[in-house]
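See below for work-v6.pdb, which holds PDB, C-alpha atoms and all ligand atoms.
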ATOM      1  CA  MET A  60       0.000   0.000   0.000
ATOM      2  CA  TRP A  61       1.282   3.481  -0.867
ATOM      3  CA  GLY A  62      -0.241   6.920  -0.333
ATOM      4  CA  ILE A  63       0.477  10.619  -0.237
ATOM      5  CA  ILE A  64      -1.543  13.581   1.066
ATOM      6  CA  GLY A  65      -0.782  17.277   0.570
ATOM      7  CA  THR A  66      -2.081  20.714   1.522
ATOM      8  CA  TRP A  67      -3.835  22.986  -1.003
ATOM      9  CA  GLU A  68      -4.685  22.364  -4.641
ATOM     10  CA  MET A  69      -1.209  23.485  -5.708
ATOM     11  CA  ALA A  70      -0.025  20.060  -4.482
ATOM     12  CA  LEU A  71      -1.946  18.258  -7.262
ATOM     13  CA  GLU A  72       0.658  18.038 -10.038
ATOM     14  CA  GLY A  73       3.438  17.088  -7.630
ATOM     15  CA  ILE A  74       1.265  14.459  -5.996
ATOM     16  CA  LYS A  75       0.417  12.930  -9.372
ATOM     17  CA  LYS A  76       4.132  12.702 -10.110
ATOM     18  CA  ALA A  77       4.868  11.215  -6.683
ATOM     19  CA  SER A  78       2.070   8.672  -7.143
ATOM     20  CA  SER A  79       3.607   7.198 -10.253
ATOM     21  CA  LEU A  80       6.987   7.037  -8.513
ATOM     22  CA  LEU A  81       5.430   5.274  -5.524
ATOM     23  CA  GLU A  82       3.514   2.907  -7.804
ATOM     24  CA  ASN A  83       6.806   2.028  -9.532
ATOM     25  CA  GLY A  84       8.396   1.205  -6.211
ATOM     26  CA  ASP A  85      10.307   4.390  -5.440
ATOM     27  CA  SER A  86      10.800   5.316  -1.805
ATOM     28  CA  ALA A  87       8.730   7.813   0.214
ATOM     29  CA  GLY A  88      11.928   9.902   0.512
ATOM     30  CA  ILE A  89      12.312  10.268  -3.241
ATOM     31  CA  ALA A  90       8.608  10.656  -4.045
ATOM     32  CA  ILE A  91       7.884  13.396  -1.522
ATOM     33  CA  ILE A  92      10.890  15.482  -2.569
ATOM     34  CA  GLU A  93       9.821  15.300  -6.225
ATOM     35  CA  ALA A  94       6.315  16.388  -5.242
ATOM     36  CA  ILE A  95       7.476  19.332  -3.138
ATOM     37  CA  LYS A  96      10.012  20.448  -5.765
ATOM     38  CA  ASN A  97       7.232  20.550  -8.307
ATOM     39  CA  VAL A  98       5.464  23.178  -6.175
ATOM     40  CA  GLU A  99       8.671  25.087  -5.337
ATOM     41  CA  ASP A 100       9.543  25.387  -9.032
ATOM     42  CA  ASN A 101       6.174  26.719 -10.172
ATOM     43  CA  PRO A 102       6.216  30.545 -10.219
ATOM     44  CA  SER A 103       2.424  30.784 -10.297
ATOM     45  CA  TYR A 104       2.253  29.652  -6.656
ATOM     46  CA  THR A 105       2.973  32.764  -4.618
ATOM     47  CA  SER A 106       3.559  31.142  -1.255
ATOM     48  CA  VAL A 107       6.222  28.508  -1.929
ATOM     49  CA  GLY A 108       9.672  28.576  -3.548
ATOM     50  CA  TYR A 109      10.212  30.472  -6.810
ATOM     51  CA  GLY A 110       7.557  33.176  -7.075
ATOM     52  CA  GLY A 111       6.892  33.156  -3.312
ATOM     53  CA  LEU A 112       5.846  36.499  -1.852
ATOM     54  CA  PRO A 113       8.607  38.420  -0.078
ATOM     55  CA  ASN A 114       9.088  39.808   3.414
ATOM     56  CA  GLU A 115       8.464  43.481   4.190
ATOM     57  CA  ASN A 116      11.846  44.404   2.692
ATOM     58  CA  GLY A 117      10.984  42.746  -0.612
ATOM     59  CA  GLU A 118      13.229  39.709  -0.050
ATOM     60  CA  VAL A 119      12.042  36.119  -0.457
ATOM     61  CA  GLU A 120      13.011  34.180   2.674
ATOM     62  CA  LEU A 121      12.101  30.498   2.553
ATOM     63  CA  ASP A 122      11.478  27.809   5.194
ATOM     64  CA  ALA A 123      11.501  24.053   4.496
ATOM     65  CA  ALA A 124      11.717  20.809   6.440
ATOM     66  CA  PHE A 125      12.044  17.097   5.783
ATOM     67  CA  MET A 126      11.458  14.215   8.178
ATOM     68  CA  ASP A 127      12.091  10.505   7.671
ATOM     69  CA  GLY A 128       9.655   8.518   9.781
ATOM     70  CA  SER A 129      11.735   5.335   9.773
ATOM     71  CA  ASN A 130      14.653   6.689  11.814
ATOM     72  CA  LEU A 131      13.058  10.025  12.850
ATOM     73  CA  SER A 132      15.800  11.907  10.997
ATOM     74  CA  PHE A 133      14.889  15.549  10.626
ATOM     75  CA  GLY A 134      16.417  18.460   8.710
ATOM     76  CA  ALA A 135      15.271  22.043   8.174
ATOM     77  CA  VAL A 136      16.217  25.471   6.879
ATOM     78  CA  ALA A 137      14.587  28.772   7.747
ATOM     79  CA  GLY A 138      14.870  32.272   6.339
ATOM     80  CA  ILE A 139      17.058  31.069   3.465
ATOM     81  CA  LYS A 140      17.481  33.380   0.472
ATOM     82  CA  ASN A 141      18.475  32.784  -3.157
ATOM     83  CA  PHE A 142      18.418  28.976  -3.337
ATOM     84  CA  LYS A 143      16.237  27.174  -5.843
ATOM     85  CA  ASN A 144      14.964  24.206  -3.827
ATOM     86  CA  PRO A 145      15.056  24.639  -0.053
ATOM     87  CA  ILE A 146      13.526  21.170   0.370
ATOM     88  CA  ASN A 147      16.677  19.554  -1.089
ATOM     89  CA  ILE A 148      18.794  21.394   1.484
ATOM     90  CA  ALA A 149      16.496  20.327   4.340
ATOM     91  CA  LYS A 150      16.758  16.709   3.192
ATOM     92  CA  GLU A 151      20.534  16.913   3.022
ATOM     93  CA  LEU A 152      20.654  18.302   6.579
ATOM     94  CA  SER A 153      18.484  15.415   7.802
ATOM     95  CA  LYS A 154      21.409  13.063   7.062
ATOM     96  CA  SER A 155      23.576  14.733   9.702
ATOM     97  CA  ARG A 156      23.916  13.820  13.339
ATOM     98  CA  PHE A 157      24.461  17.449  14.405
ATOM     99  CA  ASN A 158      23.535  20.868  12.950
ATOM    100  CA  ILE A 159      20.297  19.656  11.377
ATOM    101  CA  PHE A 160      18.356  22.934  11.471
ATOM    102  CA  LEU A 161      20.109  25.971   9.945
ATOM    103  CA  VAL A 162      18.804  29.512   9.538
ATOM    104  CA  GLY A 163      19.624  32.555   7.412
ATOM    105  CA  LYS A 164      23.269  33.083   6.504
ATOM    106  CA  GLY A 165      24.349  29.779   8.079
ATOM    107  CA  ALA A 166      21.850  27.880   5.933
ATOM    108  CA  GLU A 167      23.024  29.764   2.849
ATOM    109  CA  SER A 168      26.712  29.049   3.387
ATOM    110  CA  PHE A 169      25.944  25.358   4.018
ATOM    111  CA  ALA A 170      23.904  25.246   0.805
ATOM    112  CA  GLU A 171      26.624  27.004  -1.162
ATOM    113  CA  LYS A 172      29.378  24.706   0.137
ATOM    114  CA  SER A 173      27.243  21.654  -0.593
ATOM    115  CA  GLY A 174      26.735  22.812  -4.189
ATOM    116  CA  PHE A 175      22.991  23.455  -4.160
ATOM    117  CA  GLU A 176      21.658  25.510  -7.051
ATOM    118  CA  LYS A 177      21.349  29.249  -6.460
ATOM    119  CA  LYS A 178      18.523  31.329  -7.872
ATOM    120  CA  HIS A 179      17.046  34.783  -7.397
ATOM    121  CA  MET A 180      13.631  33.775  -6.113
ATOM    122  CA  LEU A 181      11.697  37.056  -6.444
ATOM    123  CA  THR A 182       9.639  37.067  -9.653
ATOM    124  CA  LEU A 183       8.397  40.241 -11.290
ATOM    125  CA  LYS A 184       4.841  39.197 -10.456
ATOM    126  CA  ALA A 185       5.655  38.732  -6.742
ATOM    127  CA  LYS A 186       7.476  42.083  -6.705
ATOM    128  CA  LYS A 187       4.400  43.815  -8.143
ATOM    129  CA  VAL A 188       2.150  42.227  -5.490
ATOM    130  CA  TRP A 189       4.585  43.400  -2.811
ATOM    131  CA  GLU A 190       4.645  46.961  -4.184
ATOM    132  CA  LYS A 191       0.857  47.087  -4.338
ATOM    133  CA  ARG A 192       0.552  45.775  -0.787
ATOM    134  CA  LEU A 193       2.983  48.387   0.511
ATOM    135  CA  LYS A 194       0.779  51.038  -1.070
ATOM    136  CA  ASP A 195      -2.456  49.486   0.262
ATOM    137  CA  ILE A 196      -1.065  49.190   3.776
ATOM    138  CA  LYS A 197      -0.270  52.888   3.751
ATOM    139  CA  GLU A 198      -3.416  54.116   2.003
ATOM    140  CA  LYS A 199      -6.102  51.699   3.216
ATOM    141  CA  ASN A 200      -4.698  50.675   6.573
ATOM    142  CA  LEU A 201      -4.803  47.033   5.382
ATOM    143  CA  SER A 202      -3.357  44.197   7.456
ATOM    144  CA  PRO A 203      -0.015  43.262   5.904
ATOM    145  CA  TYR A 204      -0.308  39.577   6.730
ATOM    146  CA  ALA A 205      -3.289  38.234   4.778
ATOM    147  CA  GLY A 206      -2.573  35.462   2.285
ATOM    148  CA  HIS A 207      -0.214  32.574   2.915
ATOM    149  CA  ASP A 208      -0.178  28.863   2.017
ATOM    150  CA  THR A 209       2.416  26.227   2.808
ATOM    151  CA  VAL A 210       2.818  23.046   0.866
ATOM    152  CA  GLY A 211       3.036  20.185   3.353
ATOM    153  CA  MET A 212       2.886  16.470   2.555
ATOM    154  CA  VAL A 213       2.918  13.094   4.259
ATOM    155  CA  CYS A 214       3.921  10.050   2.212
ATOM    156  CA  LEU A 215       3.834   6.248   2.639
ATOM    157  CA  ASP A 216       5.703   3.875   0.331
ATOM    158  CA  LYS A 217       5.232   0.178  -0.506
ATOM    159  CA  TYR A 218       7.929  -0.743   2.004
ATOM    160  CA  LYS A 219       5.972   0.835   4.910
ATOM    161  CA  ASN A 220       8.353   3.784   5.238
ATOM    162  CA  MET A 221       6.868   7.217   5.773
ATOM    163  CA  THR A 222       8.166  10.762   5.219
ATOM    164  CA  ALA A 223       6.850  14.279   5.691
ATOM    165  CA  ALA A 224       7.984  17.551   4.133
ATOM    166  CA  THR A 225       7.053  21.233   4.087
ATOM    167  CA  SER A 226       8.088  24.261   2.053
ATOM    168  CA  THR A 227       6.895  27.864   2.289
ATOM    169  CA  SER A 228       7.730  31.519   1.856
ATOM    170  CA  GLY A 229       5.859  32.034   5.137
ATOM    171  CA  LEU A 230       3.732  35.055   5.878
ATOM    172  CA  PHE A 231       3.600  37.670   3.156
ATOM    173  CA  MET A 232       5.125  40.920   4.475
ATOM    174  CA  LYS A 233       6.715  39.137   7.428
ATOM    175  CA  LYS A 234       9.524  40.793   9.353
ATOM    176  CA  GLU A 235      13.018  39.890   8.224
ATOM    177  CA  GLY A 236      14.023  36.713  10.090
ATOM    178  CA  ARG A 237      10.469  35.686  10.991
ATOM    179  CA  VAL A 238      10.008  31.908  11.063
ATOM    180  CA  GLY A 239       6.665  30.104  11.093
ATOM    181  CA  ASP A 240       5.574  26.626  12.109
ATOM    182  CA  SER A 241       6.414  24.917   8.825
ATOM    183  CA  PRO A 242      10.046  23.987   9.557
ATOM    184  CA  MET A 243       9.420  23.299  13.270
ATOM    185  CA  PRO A 244       9.205  19.607  14.123
ATOM    186  CA  GLY A 245       5.946  18.895  15.916
ATOM    187  CA  SER A 246       4.298  22.126  14.800
ATOM    188  CA  GLY A 247       4.255  22.130  10.996
ATOM    189  CA  ILE A 248       5.534  18.598  10.434
ATOM    190  CA  TYR A 249       5.936  15.245  12.142
ATOM    191  CA  VAL A 250       6.109  11.620  11.035
ATOM    192  CA  ASP A 251       6.827   8.257  12.599
ATOM    193  CA  SER A 252       6.641   5.257  10.244
ATOM    194  CA  LYS A 253       5.365   3.030  13.021
ATOM    195  CA  ILE A 254       2.335   5.313  13.503
ATOM    196  CA  GLY A 255       1.758   7.946  10.809
ATOM    197  CA  GLY A 256       2.481  11.561   9.978
ATOM    198  CA  ALA A 257       0.858  14.990   9.944
ATOM    199  CA  THR A 258       1.534  18.427   8.505
ATOM    200  CA  ALA A 259      -0.075  21.799   9.119
ATOM    201  CA  THR A 260      -0.709  24.999   7.216
ATOM    202  CA  GLY A 261      -2.074  28.357   8.283
ATOM    203  CA  LEU A 262      -1.008  31.070  10.671
ATOM    204  CA  GLY A 263       2.316  29.808  12.011
ATOM    205  CA  GLU A 264       2.225  32.056  15.064
ATOM    206  CA  ASP A 265      -0.894  30.211  16.244
ATOM    207  CA  ILE A 266      -0.010  26.696  15.007
ATOM    208  CA  MET A 267       3.182  26.835  17.105
ATOM    209  CA  LYS A 268       1.125  27.312  20.242
ATOM    210  CA  GLY A 269      -0.383  23.832  19.921
ATOM    211  CA  CYS A 270       2.312  21.599  18.317
ATOM    212  CA  ILE A 271      -0.603  20.237  16.336
ATOM    213  CA  SER A 272       1.296  17.930  13.966
ATOM    214  CA  TYR A 273       2.862  16.025  16.845
ATOM    215  CA  GLU A 274      -0.437  15.976  18.713
ATOM    216  CA  THR A 275      -2.208  14.473  15.704
ATOM    217  CA  VAL A 276       0.407  11.716  15.428
ATOM    218  CA  ARG A 277       0.121  11.102  19.179
ATOM    219  CA  LEU A 278      -3.637  10.569  18.892
ATOM    220  CA  MET A 279      -3.112   8.138  16.019
ATOM    221  CA  GLU A 280      -0.687   6.263  18.272
ATOM    222  CA  GLU A 281      -3.423   6.070  20.897
ATOM    223  CA  GLY A 282      -5.599   4.295  18.355
ATOM    224  CA  TYR A 283      -7.643   7.082  16.781
ATOM    225  CA  THR A 284      -8.153   6.957  13.031
ATOM    226  CA  PRO A 285      -6.424   9.783  11.131
ATOM    227  CA  GLN A 286      -9.779  11.478  10.536
ATOM    228  CA  GLU A 287     -10.705  11.330  14.222
ATOM    229  CA  ALA A 288      -7.235  12.530  15.256
ATOM    230  CA  ALA A 289      -7.211  15.521  12.890
ATOM    231  CA  ARG A 290     -10.776  16.484  13.774
ATOM    232  CA  ILE A 291     -10.255  16.214  17.530
ATOM    233  CA  ILE A 292      -7.012  18.219  17.503
ATOM    234  CA  THR A 293      -8.487  20.948  15.293
ATOM    235  CA  GLU A 294     -11.657  21.373  17.335
ATOM    236  CA  LYS A 295      -9.835  21.269  20.651
ATOM    237  CA  PHE A 296      -7.093  23.658  19.616
ATOM    238  CA  ASN A 297      -9.463  26.108  17.955
ATOM    239  CA  ARG A 298     -11.547  26.193  21.136
ATOM    240  CA  LYS A 299      -8.440  26.645  23.279
ATOM    241  CA  LEU A 300      -7.256  29.624  21.208
ATOM    242  CA  MET A 301     -10.713  31.216  21.341
ATOM    243  CA  ASP A 302     -11.040  30.667  25.094
ATOM    244  CA  ARG A 303      -7.596  31.871  26.021
ATOM    245  CA  ARG A 304      -6.918  34.531  23.403
ATOM    246  CA  GLY A 305     -10.311  35.445  21.949
ATOM    247  CA  VAL A 306      -9.002  34.849  18.438
ATOM    248  CA  ALA A 307      -7.839  31.842  16.418
ATOM    249  CA  GLY A 308      -5.805  32.174  13.231
ATOM    250  CA  ALA A 309      -6.688  30.005  10.258
ATOM    251  CA  PHE A 310      -5.102  26.578  10.403
ATOM    252  CA  SER A 311      -5.493  23.153   8.787
ATOM    253  CA  ILE A 312      -3.929  19.722   9.225
ATOM    254  CA  VAL A 313      -3.650  16.739   6.910
ATOM    255  CA  CYS A 314      -2.437  13.362   8.120
ATOM    256  CA  MET A 315      -1.960   9.749   7.079
ATOM    257  CA  ASN A 316      -1.319   6.624   9.096
ATOM    258  CA  LYS A 317       0.921   3.655   8.317
ATOM    259  CA  GLN A 318      -1.996   1.829   6.646
ATOM    260  CA  GLY A 319      -2.514   4.696   4.197
ATOM    261  CA  GLN A 320      -5.744   5.909   5.832
ATOM    262  CA  TRP A 321      -5.895   9.693   5.929
ATOM    263  CA  GLY A 322      -7.564  12.588   7.695
ATOM    264  CA  VAL A 323      -8.123  16.330   7.597
ATOM    265  CA  GLY A 324      -8.917  18.984  10.185
ATOM    266  CA  THR A 325      -9.461  22.698   9.570
ATOM    267  CA  ASN A 326     -11.040  25.857  10.900
ATOM    268  CA  VAL A 327     -11.344  27.453   7.425
ATOM    269  CA  GLU A 328     -12.168  26.548   3.828
ATOM    270  CA  PHE A 329      -9.284  24.338   2.831
ATOM    271  CA  PRO A 330      -8.622  22.303  -0.336
ATOM    272  CA  PHE A 331      -6.225  19.358  -0.196
ATOM    273  CA  VAL A 332      -5.056  16.474  -2.381
ATOM    274  CA  VAL A 333      -4.836  12.759  -1.630
ATOM    275  CA  SER A 334      -3.554   9.885  -3.699
ATOM    276  CA  THR A 335      -3.500   6.269  -2.563
ATOM    277  CA  GLU A 336      -3.058   2.940  -4.276
ATOM    278  CA  ILE A 337      -6.729   2.227  -3.628
ATOM    279  CA  GLU A 338      -8.564   5.487  -4.294
ATOM    280  CA  GLY A 339      -6.382   7.134  -6.967
ATOM    281  CA  THR A 340      -5.749  10.890  -6.959
ATOM    282  CA  LYS A 341      -8.496  13.166  -5.644
ATOM    283  CA  VAL A 342      -8.916  16.798  -4.658
ATOM    284  CA  TYR A 343     -11.122  17.516  -1.657
ATOM    285  CA  MET A 344     -12.507  20.652  -0.058
ATOM    286  CA  ALA A 345     -12.678  20.807   3.722
ATOM    287  CA  ASN A 346     -14.643  23.323   5.762
ATOM    288  CA  PHE A 347     -15.389  24.214   9.355
ATOM    289  CA  LYS A 348     -19.150  23.991   9.948
ATOM    290  CA  ASN A 349     -20.747  24.226  13.404
ATOM    291  CA  ASN A 350     -17.308  23.810  14.972
ATOM    292  CA  LYS A 351     -16.634  20.594  13.049
ATOM    293  CA  THR A 352     -14.478  19.678  10.062
ATOM    294  CA  VAL A 353     -16.476  18.483   7.065
ATOM    295  CA  TYR A 354     -15.134  17.666   3.612
ATOM    296  CA  LYS A 355     -16.261  16.626   0.169
ATOM    297  CA  GLU A 356     -14.662  15.590  -3.072
ATOM    298  CA  LEU A 357     -14.197  18.408  -5.574
ATOM    299  CA  ILE A 358     -15.264  17.638  -9.118
TER
HETATM  300  C1  LIG B   1       3.792  30.110   8.198
HETATM  301  N1  LIG B   1       2.354  28.188   8.191
HETATM  302  O1  LIG B   1       4.907  30.471   7.870
HETATM  303  C2  LIG B   1       3.104  29.068   7.354
HETATM  304  C3  LIG B   1       2.293  29.722   6.321
HETATM  305  C4  LIG B   1       1.168  28.880   5.826
HETATM  306  O2  LIG B   1      -0.930  28.650   4.998
HETATM  307  O3  LIG B   1       1.111  27.712   5.904
HETATM  308  N2  LIG B   1       0.105  29.387   5.387
HETATM  309  O4  LIG B   1       3.202  30.567   9.161
END
Take the structure I supplied and represent it as structure tokens, if you would.
Amino acid sequence: MWGIIGTWEMALEGIKKASSLLENGDSAGIAIIEAIKNVEDNPSYTSVGYGGLPNENGEVELDAAFMDGSNLSFGAVAGIKNFKNPINIAKELSKSRFNIFLVGKGAESFAEKSGFEKKHMLTLKAKKVWEKRLKDIKEKNLSPYAGHDTVGMVCLDKYKNMTAATSTSGLFMKKEGRVGDSPMPGSGIYVDSKIGGATATGLGEDIMKGCISYETVRLMEEGYTPQEAARIITEKFNRKLMDRRGVAGAFSIVCMNKQGQWGVGTNVEFPFVVSTEIEGTKVYMANFKNNKTVYKELI
């Protein structure tokens, strides 16, 4: 049995590619990286990799993480500039015993020394959006932070190994050096091949307060199905944020267990993509209705 689940519709092409790799017997490590790279390389997606929206200074700073659920190896970069595929660098770091999570200049010099491909990641389109937002913030008193999507995936291969990976440009108009949940183990990403994996997307500042990827995996370990685990964590955490802070940022989780069963939890409208050996590739739309996650297949 193989399977892969990913956040947002932008994951579709990459997931299709990963599915054929998994079907042909490639590993979850290889398949997930191909899927994430597909999103990083597409300039029409303005929240991941090339074409990602910049920070308030107009610079694209990227976060990415990779986790191997078989040995719990983890690697991540944050706030990295001018490298084409941050996910490749995160995967490389996951092979090390020490220094597995590098930020900013340190991440860049590691990437340069290791020979990773450099690229100026700000597209003309992203620059125009940034310029317009600067103007709107000044003239219309608009919030600078609206609009942000991370690609996160969890993958299971035929050999029962699981991986998880994330890649994002983070919050549009973020402060220089700001890091979200996506590269943080337990918050934006977690996987254990003996249980399952989860990944989150949404407002990193809030997601970090609940370590919701780890919590979802923990509930699966306790015997909950992925759908129950994702739903319970989402409802509980949303309530907690509302009770304690009076406000809850948008967040969503997707997860998969070691049998290839999957789940979704969200407090907003949230499309996601799943492909398994049994059900093929499908796009779903999840929603938060009466404090519960509901979802349906998109045609
Ligand atoms: C962050 N969680 O940096 C990311 C952004 C995101 O949907 O996923 N948005 O906070």
Give me the residues within 12 Å of stretch 174-176 of chain A as a ChimeraX atom specification, counting all atoms listed in the file and dropping any in the same chain fewer than 3 places off. /A:140-151,166-171,179-180
Taking the file as I've supplied it (selection: the PyMOL selection byres (((chain A and resi 288-295) around 7) and not hetatm)), which residues are included? Please answer as a PyMOL selection string. chain A and resi 271+275+278-279+283-287+296-299+312+322-325+350-352
Enumerate as a PyMOL selection string the residues within 9 Å of ligand LIG 1 (chain B), counting all atoms listed in the file. chain A and resi 66-67+106+121-122+206-211+225-231+233+237-242+247+259-267+309-311
Convert the output of the PyMOL selection byres (((chain A and resi 118) around 10) and not hetatm) on the shown file into explicit residues, formatted as a list in words. Gly111, Leu112, Pro113, Asn114, Glu115, Asn116, Gly117, Val119, Glu120, Leu121, Gly138, Lys140, Asn141, His179, Met180, Leu181, Lys186, Trp189, Met232, Lys233 and Glu235 of chain A
Mind writing the picked residues with C-alpha atoms as a PDB file, keeping the file's coordinate frame?
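Written output follows (part-v6.pdb):
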ATOM      1  CA  GLY A 111       6.892  33.156  -3.312  1.00  0.00           C
ATOM      2  CA  LEU A 112       5.846  36.499  -1.852  1.00  0.00           C
ATOM      3  CA  PRO A 113       8.607  38.420  -0.078  1.00  0.00           C
ATOM      4  CA  ASN A 114       9.088  39.808   3.414  1.00  0.00           C
ATOM      5  CA  GLU A 115       8.464  43.481   4.190  1.00  0.00           C
ATOM      6  CA  ASN A 116      11.846  44.404   2.692  1.00  0.00           C
ATOM      7  CA  GLY A 117      10.984  42.746  -0.612  1.00  0.00           C
ATOM      8  CA  VAL A 119      12.042  36.119  -0.457  1.00  0.00           C
ATOM      9  CA  GLU A 120      13.011  34.180   2.674  1.00  0.00           C
ATOM     10  CA  LEU A 121      12.101  30.498   2.553  1.00  0.00           C
ATOM     11  CA  GLY A 138      14.870  32.272   6.339  1.00  0.00           C
ATOM     12  CA  LYS A 140      17.481  33.380   0.472  1.00  0.00           C
ATOM     13  CA  ASN A 141      18.475  32.784  -3.157  1.00  0.00           C
ATOM     14  CA  HIS A 179      17.046  34.783  -7.397  1.00  0.00           C
ATOM     15  CA  MET A 180      13.631  33.775  -6.113  1.00  0.00           C
ATOM     16  CA  LEU A 181      11.697  37.056  -6.444  1.00  0.00           C
ATOM     17  CA  LYS A 186       7.476  42.083  -6.705  1.00  0.00           C
ATOM     18  CA  TRP A 189       4.585  43.400  -2.811  1.00  0.00           C
ATOM     19  CA  MET A 232       5.125  40.920   4.475  1.00  0.00           C
ATOM     20  CA  LYS A 233       6.715  39.137   7.428  1.00  0.00           C
ATOM     21  CA  GLU A 235      13.018  39.890   8.224  1.00  0.00           C
TER      22      GLU A 235
END
Computed gap from atom CA of A:Glu68 to atom CA of A:Leu193 is 27.6 Å
Mind checking which residues fall within 12 Å of A:Glu93, counting all atoms listed in the file, ignoring those fewer than 6 positions away in the same chain, and posting them as a PDB file with C-alpha atoms, keeping the file's coordinate frame?
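Result written to out-v1.pdb:
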ATOM      1  CA  ALA A  70      -0.025  20.060  -4.482  1.00  0.00           C
ATOM      2  CA  GLU A  72       0.658  18.038 -10.038  1.00  0.00           C
ATOM      3  CA  GLY A  73       3.438  17.088  -7.630  1.00  0.00           C
ATOM      4  CA  ILE A  74       1.265  14.459  -5.996  1.00  0.00           C
ATOM      5  CA  LYS A  75       0.417  12.930  -9.372  1.00  0.00           C
ATOM      6  CA  LYS A  76       4.132  12.702 -10.110  1.00  0.00           C
ATOM      7  CA  ALA A  77       4.868  11.215  -6.683  1.00  0.00           C
ATOM      8  CA  SER A  78       2.070   8.672  -7.143  1.00  0.00           C
ATOM      9  CA  SER A  79       3.607   7.198 -10.253  1.00  0.00           C
ATOM     10  CA  LEU A  80       6.987   7.037  -8.513  1.00  0.00           C
ATOM     11  CA  LEU A  81       5.430   5.274  -5.524  1.00  0.00           C
ATOM     12  CA  ASP A  85      10.307   4.390  -5.440  1.00  0.00           C
ATOM     13  CA  SER A  86      10.800   5.316  -1.805  1.00  0.00           C
ATOM     14  CA  ALA A  87       8.730   7.813   0.214  1.00  0.00           C
ATOM     15  CA  GLU A  99       8.671  25.087  -5.337  1.00  0.00           C
ATOM     16  CA  ASP A 100       9.543  25.387  -9.032  1.00  0.00           C
ATOM     17  CA  ASN A 144      14.964  24.206  -3.827  1.00  0.00           C
ATOM     18  CA  ILE A 146      13.526  21.170   0.370  1.00  0.00           C
ATOM     19  CA  ASN A 147      16.677  19.554  -1.089  1.00  0.00           C
ATOM     20  CA  LYS A 150      16.758  16.709   3.192  1.00  0.00           C
ATOM     21  CA  MET A 212       2.886  16.470   2.555  1.00  0.00           C
ATOM     22  CA  CYS A 214       3.921  10.050   2.212  1.00  0.00           C
ATOM     23  CA  ALA A 224       7.984  17.551   4.133  1.00  0.00           C
TER      24      ALA A 224
END
Would you kindly place all heavy atoms on stretch 188-192 of chain A and return the model as a tab-separated table (two decimals), keeping the file's coordinate frame?
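result19.tsv written:
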chain	number	residue	atom	x	y	z
A	188	VAL	N	3.11	42.45	-6.58
A	188	VAL	CA	2.15	42.23	-5.49
A	188	VAL	C	2.66	42.91	-4.22
A	188	VAL	O	1.92	43.56	-3.49
A	188	VAL	CB	1.93	40.71	-5.24
A	188	VAL	CG1	1.01	40.48	-4.06
A	188	VAL	CG2	1.38	40.04	-6.48
A	189	TRP	N	3.95	42.79	-3.99
A	189	TRP	CA	4.58	43.40	-2.81
A	189	TRP	C	4.44	44.93	-2.86
A	189	TRP	O	4.06	45.57	-1.88
A	189	TRP	CB	6.05	42.97	-2.76
A	189	TRP	CG	6.88	43.65	-1.72
A	189	TRP	CD1	6.82	43.46	-0.38
A	189	TRP	CD2	7.90	44.63	-1.96
A	189	TRP	NE1	7.75	44.25	0.25
A	189	TRP	CE2	8.43	44.98	-0.70
A	189	TRP	CE3	8.43	45.23	-3.10
A	189	TRP	CZ2	9.45	45.91	-0.54
A	189	TRP	CZ3	9.45	46.15	-2.96
A	189	TRP	CH2	9.95	46.48	-1.69
A	190	GLU	N	4.74	45.50	-4.04
A	190	GLU	CA	4.64	46.96	-4.18
A	190	GLU	C	3.22	47.45	-3.95
A	190	GLU	O	3.00	48.45	-3.28
A	190	GLU	CB	5.13	47.38	-5.58
A	190	GLU	CG	6.64	47.33	-5.68
A	190	GLU	CD	7.16	47.43	-7.12
A	190	GLU	OE1	6.34	47.35	-8.07
A	190	GLU	OE2	8.38	47.55	-7.29
A	191	LYS	N	2.26	46.69	-4.49
A	191	LYS	CA	0.86	47.09	-4.34
A	191	LYS	C	0.46	47.00	-2.86
A	191	LYS	O	-0.24	47.87	-2.33
A	191	LYS	CB	-0.03	46.19	-5.19
A	191	LYS	CG	-1.49	46.56	-5.08
A	191	LYS	CD	-2.34	45.83	-6.10
A	191	LYS	CE	-3.80	46.27	-6.05
A	191	LYS	NZ	-4.39	46.30	-4.73
A	192	ARG	N	0.93	45.95	-2.19
A	192	ARG	CA	0.55	45.78	-0.79
A	192	ARG	C	1.14	46.89	0.08
A	192	ARG	O	0.48	47.41	0.96
A	192	ARG	CB	0.99	44.39	-0.29
A	192	ARG	CG	0.53	44.06	1.13
A	192	ARG	CD	-0.98	44.10	1.30
A	192	ARG	NE	-1.66	43.04	0.61
A	192	ARG	CZ	-2.06	41.91	1.17
A	192	ARG	NH1	-1.88	41.72	2.44
A	192	ARG	NH2	-2.67	40.99	0.45
